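To keep things clear, I will list the structure first and then write my remarks on it.
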Amino acid sequence: MKKILIIFALLITAAVSFAQTRPYTQNDVYFKGTEYELDVYRIYGRQDGKTMLIIGGIQGDEPGGFLSADLYAEMRLEKGNLIVVPRANFKSVILFDRETEADMNRRFTKDLGVMEMDKVVEIIIRLMEESDVFLNLHDGWGYHNPKYIDQWRNPRRFGQSIITDADVFSCDDGRMLDLKTPAKQVLEAVNKMINDEKYFMHYFNTQTEDPLTKFTDMRKTATFYALKHFCLPSFGVESSKNLPSVELKVLHHNYVVNEFMKYYDIVPEHPRIFLKEPLLNYAVIRVNDEVVTVENGQTLYADKGDLIEITNVDANYDRGISCDILGMGDLNDCGKQIEVKGESRIVFRKDNQKMGEIKLAYKNAPKPVKPAVAVKQPVKPVVKEDLVPSKTNVVFVMKINGDEVRVRSGGIVKLKKTDTIEFIEALGGDFGSPDVPVNVKGYVPPGAINNGDDRGYQIRMTDYFMLKYSRDGMGKAYPVIAGNSRNEIGEMWIEIE
């Protein structure tokens with residue numbers, strides 16, 4: 001019997017070894033179906049070699065970084081290994097915001113473990129232990145330049161740079177780690193490919209351990225943690241948020257990653273860069289015990305109290321996918337059983353981009369939308385109605401500090417300077433389309449085209465608003481319009497205390 005068990009164990013070991021014959025890719029998913037879902041890809045080359053850790057999306061409003069990292073998750077290698085984390089902070093990527101609970105790239109500190117996002121940080125730290133070199137991909141404002149040229153090109157700007165914490169770092173075990181040489185060599189090769197001098201990348205040493213450094217926050221970052229605790233050569237790679245296109249940001253990141261791979265003798269089998277518009281095909285959804293397939297733009301019918309679960313999403317991307325049942329569940333509802341509480345929409349996103357939606361409606365005749373304000377707790381900002389004549393039965397669906405509130409057309413919402421709002425949609429009226437734009441007059445999303453639709457933006461009351469759109473030009477109250485200039489179907493006001 002013992003011999004049989006030994007033979008069986010050997011067969012299992014042989015089968016596992018065969019399954020992982022080089023080259024191969026291993027995909028581990030942590031916290032699946034949550035807002036902090038984390039995909040980790042390990043790519044092993046035909047020949048062993050150094051292991052490079054590539055992280056993108058630790059700050060979710062930097063698409064050049066996370067879209068570039070995503071391309072390396074499917075790479076095959078001739079020599080060496082990659083560990084790729086395309087979206088370290090998935091919640092931040094979905095919201096297209098630098099922070100969620102906090103800035104994840106400032107969580108590599110002694111108080112680790114007190115926030116939900118810290119579970120991701122702990123995994124990143126474990127990945128550092130497996131690696132020989134670490135690249136953290138970002139998009140920064142402006143263009144770093146050793147000399148001051150203007151407000152956008154100067155030594156304090158992070159964009160278009162390779163960042164180190166020191167030229168030569170002294171590790172605790174006595175090793176002296178040269179960071180400047182590989183960074184400079186990579187930059188020389190990269191700038192030859194960029195050609196246009198105004199977009200050249202520059203070397204940026206933040207002198208993180210120097211008591212007189214102007215960049216003390218860098219002591220809390222992933223790159224400094226890896227350097228300090230593991231003597232791991234670590235580099236921050238920053239494209240510029242001011243570059244004219246996302247594709248150019250990705251391309252510059254790719255230039256840098258490819259040159260670092262050359263420097264550390266990690267050899268790809270083939271390059272790959274291709275960005276396509278995200279598109280949902282269909283979703284497989286379980287309604288109680290019945291499984292249905294619903295295509296993009298169609299309607300899922302369910303009654304109040306039914307349990308629905310999105311079990312599969314078919315799209316032209318495999319990673320960075322989230323499902324949001326508006327008004328129910330959380331930011332990412334994929335794979336969760338959610339109780340139907342009312343009619344809604346299921347919004348499907350690839351990263352922060354909406355790629356499709358499915359309506360959620362009752363099986364019987366739709367119930368009319370109640371023109372009311374849903375305030376769960378008394379600490380919420382006060383909402384007053386009927387202070388402005390109502391145009392129609394339109395209801396604005398918005399979030400105030402993350403909590404959903406519905407405001408009837410004609411209503412006024414009083415807000416504090418510390419509040420953050422997000423408009424989700426406008427319901428009701430006769431607009432001829434279910435996709436009604438919502439325009440916060442006077443507000444222009446940073447870095448975006450002002451197309452008159454401010455849905456989905458996290459708007460802080462300290463953001464810039466144009467005074468001319470405010471009531472009496474005082475900057476205290478601004479109208480919010482449902483519809484467009486040719487067909488305004490509803491209006492509410494926000495008042496800032």
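Each chain in the structure tokens gets a letter, A, B and so on, in the order shown; residues start at 1 in every chain, and ligands are counted from 1 in the order they appear.
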For Met75 (chain A): contacts at 12 Å, only C-alpha atoms, fewer than 6 positions along chain excluded, given as a ChimeraX atom specification: /A:23-26,41-45,68-69,81-84,258,266-273
Atoms kept (C-alpha atoms) for selection, written as a PDB file, in the first residue's frame:
ATOM      1  CA  PRO A  23       7.661  28.710 -20.767  1.00  0.00           C
ATOM      2  CA  TYR A  24       4.366  29.125 -18.899  1.00  0.00           C
ATOM      3  CA  THR A  25       2.135  31.718 -17.271  1.00  0.00           C
ATOM      4  CA  GLN A  26       0.441  31.466 -13.886  1.00  0.00           C
ATOM      5  CA  TYR A  41       0.543  37.162 -13.485  1.00  0.00           C
ATOM      6  CA  ARG A  42       3.797  35.236 -13.322  1.00  0.00           C
ATOM      7  CA  ILE A  43       5.419  34.729 -16.719  1.00  0.00           C
ATOM      8  CA  TYR A  44       8.281  32.215 -16.803  1.00  0.00           C
ATOM      9  CA  GLY A  45      10.598  32.226 -19.831  1.00  0.00           C
ATOM     10  CA  SER A  68       1.055  49.447 -20.187  1.00  0.00           C
ATOM     11  CA  ALA A  69       1.437  46.876 -17.388  1.00  0.00           C
ATOM     12  CA  ASN A  81      10.661  35.997 -15.609  1.00  0.00           C
ATOM     13  CA  LEU A  82       8.044  38.674 -15.060  1.00  0.00           C
ATOM     14  CA  ILE A  83       5.600  39.218 -12.208  1.00  0.00           C
ATOM     15  CA  VAL A  84       2.917  41.588 -13.488  1.00  0.00           C
ATOM     16  CA  ASN A 258      11.479  47.110 -22.683  1.00  0.00           C
ATOM     17  CA  ILE A 266      14.951  39.452 -19.717  1.00  0.00           C
ATOM     18  CA  VAL A 267      14.238  38.512 -23.321  1.00  0.00           C
ATOM     19  CA  PRO A 268      10.693  38.547 -24.828  1.00  0.00           C
ATOM     20  CA  GLU A 269       9.538  36.166 -27.531  1.00  0.00           C
ATOM     21  CA  HIS A 270       7.464  38.882 -29.165  1.00  0.00           C
ATOM     22  CA  PRO A 271       6.346  42.470 -28.473  1.00  0.00           C
ATOM     23  CA  ARG A 272       2.688  43.451 -28.254  1.00  0.00           C
ATOM     24  CA  ILE A 273       0.858  46.786 -28.135  1.00  0.00           C
TER      25      ILE A 273
END
Using the chain letters and numbers from this document, which residues of region 245-376 of chain A does DSSP assign to helix (DSSP H, G or I), as a count of residues only? 18
At what distance in Å, to one decimal, does CA of Asn332 (chain A) lie from CA of Gly33 (chain A)? 6.6 Å
Of the listed residues A:Glu495, A:Glu238, A:Glu295, A:Glu488, that which approaches Val256 (chain A) most closely, counting only C-alpha atoms: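 Nearest to Val256 (chain A): A:Glu238.
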Please provide the set of residues having any atom within 12 Å of region 470-475 of chain A, restricted to only C-alpha atoms, with same-chain residues fewer than 6 positions apart removed, written as a ChimeraX atom specification. /A:440-443,461-464,493-497
Okay, now the selection with N, CA and C atoms, as a short mmCIF file (atom, residue, chain, number, x, y, z; two decimals), in the first residue's frame?
data_model
loop_
_atom_site.label_atom_id
_atom_site.label_comp_id
_atom_site.auth_asym_id
_atom_site.auth_seq_id
_atom_site.Cartn_x
_atom_site.Cartn_y
_atom_site.Cartn_z
N VAL A 440 -23.24 69.79 -14.63
CA VAL A 440 -23.07 70.69 -13.49
C VAL A 440 -22.49 71.99 -14.06
N LYS A 441 -23.33 73.00 -14.18
CA LYS A 441 -22.92 74.23 -14.84
C LYS A 441 -21.79 74.90 -14.05
N GLY A 442 -20.75 75.27 -14.76
CA GLY A 442 -19.62 75.93 -14.13
C GLY A 442 -18.48 75.01 -13.78
N TYR A 443 -18.73 73.68 -13.82
CA TYR A 443 -17.69 72.70 -13.48
C TYR A 443 -17.12 72.09 -14.75
N MET A 461 -16.22 69.86 -3.55
CA MET A 461 -16.72 71.23 -3.46
C MET A 461 -15.60 72.26 -3.42
N THR A 462 -14.37 71.77 -3.27
CA THR A 462 -13.21 72.67 -3.33
C THR A 462 -12.65 72.76 -4.76
N ASP A 463 -13.23 71.99 -5.69
CA ASP A 463 -12.78 72.06 -7.08
C ASP A 463 -13.11 73.43 -7.68
N TYR A 464 -12.50 73.70 -8.82
CA TYR A 464 -12.73 74.99 -9.48
C TYR A 464 -14.08 75.00 -10.19
N TRP A 493 -30.39 72.35 -8.00
CA TRP A 493 -29.31 73.26 -7.60
C TRP A 493 -28.46 72.64 -6.51
N ILE A 494 -27.16 72.94 -6.54
CA ILE A 494 -26.30 72.61 -5.40
C ILE A 494 -25.86 73.92 -4.76
N GLU A 495 -26.00 73.99 -3.45
CA GLU A 495 -25.58 75.17 -2.69
C GLU A 495 -24.40 74.80 -1.81
N ILE A 496 -23.32 75.57 -1.89
CA ILE A 496 -22.10 75.29 -1.15
C ILE A 496 -22.01 76.24 0.04
N GLU A 497 -22.01 75.68 1.24
CA GLU A 497 -21.97 76.53 2.44
C GLU A 497 -20.59 77.15 2.60
#
Return as number ranges by chain the full set of residues in region 222-442 of chain A whose backbone-based DSSP assignment is strand (DSSP E). A: 234-240, 267-268, 280-287, 290-295, 299-301, 307-315, 321-325, 337-339, 344-350, 353-361, 383-384, 395-400, 403-408, 412-415, 420-427, 438-440
Determine, counting only C-alpha atoms, which protein, DNA and RNA residues have an atom within 10 Å of an atom of Leu127 (chain A); residues of the same chain fewer than 2 positions away are not included. Present the result as number ranges by chain. A: 40, 53, 83-85, 121-125, 129-131, 134, 226
Save the residues we just selected, N, CA and C atoms, as a tab-separated table (two decimals), in the first residue's frame?
chain	number	residue	atom	x	y	z
A	40	VAL	N	-2.59	38.71	-10.35
A	40	VAL	CA	-1.14	38.65	-10.39
A	40	VAL	C	-0.74	37.63	-11.45
A	53	LEU	N	9.50	42.62	-11.36
A	53	LEU	CA	8.15	42.92	-10.86
A	53	LEU	C	7.68	44.22	-11.51
A	83	ILE	N	6.78	39.24	-13.08
A	83	ILE	CA	5.60	39.22	-12.21
A	83	ILE	C	4.86	40.52	-12.51
A	84	VAL	N	3.65	40.41	-13.02
A	84	VAL	CA	2.92	41.59	-13.49
A	84	VAL	C	1.64	41.76	-12.67
A	85	VAL	N	1.46	42.94	-12.10
A	85	VAL	CA	0.24	43.32	-11.39
A	85	VAL	C	-0.32	44.54	-12.13
A	121	VAL	N	-1.51	45.65	-0.26
A	121	VAL	CA	-0.13	46.07	0.01
A	121	VAL	C	0.69	44.90	0.53
A	122	GLU	N	0.10	44.08	1.40
A	122	GLU	CA	0.82	42.93	1.96
A	122	GLU	C	1.21	41.93	0.88
A	123	ILE	N	0.33	41.74	-0.10
A	123	ILE	CA	0.67	40.82	-1.20
A	123	ILE	C	1.78	41.41	-2.07
A	124	ILE	N	1.72	42.71	-2.34
A	124	ILE	CA	2.77	43.36	-3.13
A	124	ILE	C	4.12	43.19	-2.45
A	125	ILE	N	4.13	43.32	-1.13
A	125	ILE	CA	5.39	43.13	-0.37
A	125	ILE	C	5.92	41.71	-0.55
A	129	GLU	N	9.70	40.12	-2.53
A	129	GLU	CA	10.66	39.11	-2.08
A	129	GLU	C	11.03	38.13	-3.18
A	130	GLU	N	10.16	37.96	-4.19
A	130	GLU	CA	10.41	37.02	-5.28
A	130	GLU	C	11.20	37.64	-6.43
A	131	SER	N	11.49	38.95	-6.34
A	131	SER	CA	11.93	39.69	-7.52
A	131	SER	C	13.40	40.12	-7.42
A	134	PHE	N	12.38	45.98	-9.67
A	134	PHE	CA	11.00	46.41	-9.48
A	134	PHE	C	10.75	47.70	-10.25
A	226	ALA	N	10.69	48.59	-1.08
A	226	ALA	CA	11.41	47.48	-1.70
A	226	ALA	C	12.92	47.69	-1.60
Can you pull out every residue within 8 Å of region 89-97 of chain A, counting only C-alpha atoms, but drop anything in the same chain fewer than 2 positions away, and send it as a ChimeraX atom specification? /A:35-38,57-62,87,99-100,104,117,120,320,322,331,349-353,458
Keeping only C-alpha atoms, write the selected residues to a file as an mmCIF file, in the first residue's frame.
data_model
loop_
_atom_site.group_PDB
_atom_site.id
_atom_site.type_symbol
_atom_site.label_atom_id
_atom_site.label_comp_id
_atom_site.auth_asym_id
_atom_site.auth_seq_id
_atom_site.Cartn_x
_atom_site.Cartn_y
_atom_site.Cartn_z
ATOM 1 C CA GLU A 35 -13.581 46.131 -5.150
ATOM 2 C CA TYR A 36 -9.963 45.220 -4.453
ATOM 3 C CA GLU A 37 -9.811 42.206 -6.765
ATOM 4 C CA LEU A 38 -6.142 41.627 -7.552
ATOM 5 C CA GLY A 57 -2.603 51.112 -11.225
ATOM 6 C CA ILE A 58 -1.492 51.620 -7.638
ATOM 7 C CA GLN A 59 -3.057 55.057 -8.243
ATOM 8 C CA GLY A 60 -6.116 54.544 -10.414
ATOM 9 C CA ASP A 61 -6.190 57.834 -12.336
ATOM 10 C CA GLU A 62 -2.965 56.959 -14.197
ATOM 11 C CA ARG A 87 -4.128 47.007 -11.432
ATOM 12 C CA GLU A 99 -7.244 57.673 -3.643
ATOM 13 C CA THR A 100 -9.986 55.477 -2.195
ATOM 14 C CA MET A 104 -2.152 53.130 -1.715
ATOM 15 C CA MET A 117 -6.534 48.195 1.013
ATOM 16 C CA VAL A 120 -3.254 44.307 -1.281
ATOM 17 C CA GLY A 320 -9.988 44.985 -15.570
ATOM 18 C CA SER A 322 -16.249 45.169 -13.173
ATOM 19 C CA LEU A 331 -18.756 49.130 -6.774
ATOM 20 C CA ARG A 349 -16.688 48.796 -17.033
ATOM 21 C CA LYS A 350 -13.223 47.998 -18.262
ATOM 22 C CA ASP A 351 -11.081 49.847 -15.718
ATOM 23 C CA ASN A 352 -12.880 53.215 -15.425
ATOM 24 C CA GLN A 353 -14.410 53.128 -18.933
ATOM 25 C CA GLN A 458 -15.934 62.687 -8.312
#
Nearest to Ile346 (chain A) among A:Tyr282, A:Phe396, A:Trp152, A:Phe260, with distances taken over only C-alpha atoms: which residue is it? A:Tyr282
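Minimum distance to Ala302 (chain A) across A:Val287, A:Leu243, A:Leu187, A:Leu77 (counting only C-alpha atoms) occurs at A:Val287.
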One number please: CA of Tyr301 (chain A) to CA of Thr34 (chain A), in Å, one decimal.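 Separation of CA of Tyr301 (chain A) and CA of Thr34 (chain A): 24.6 Å.
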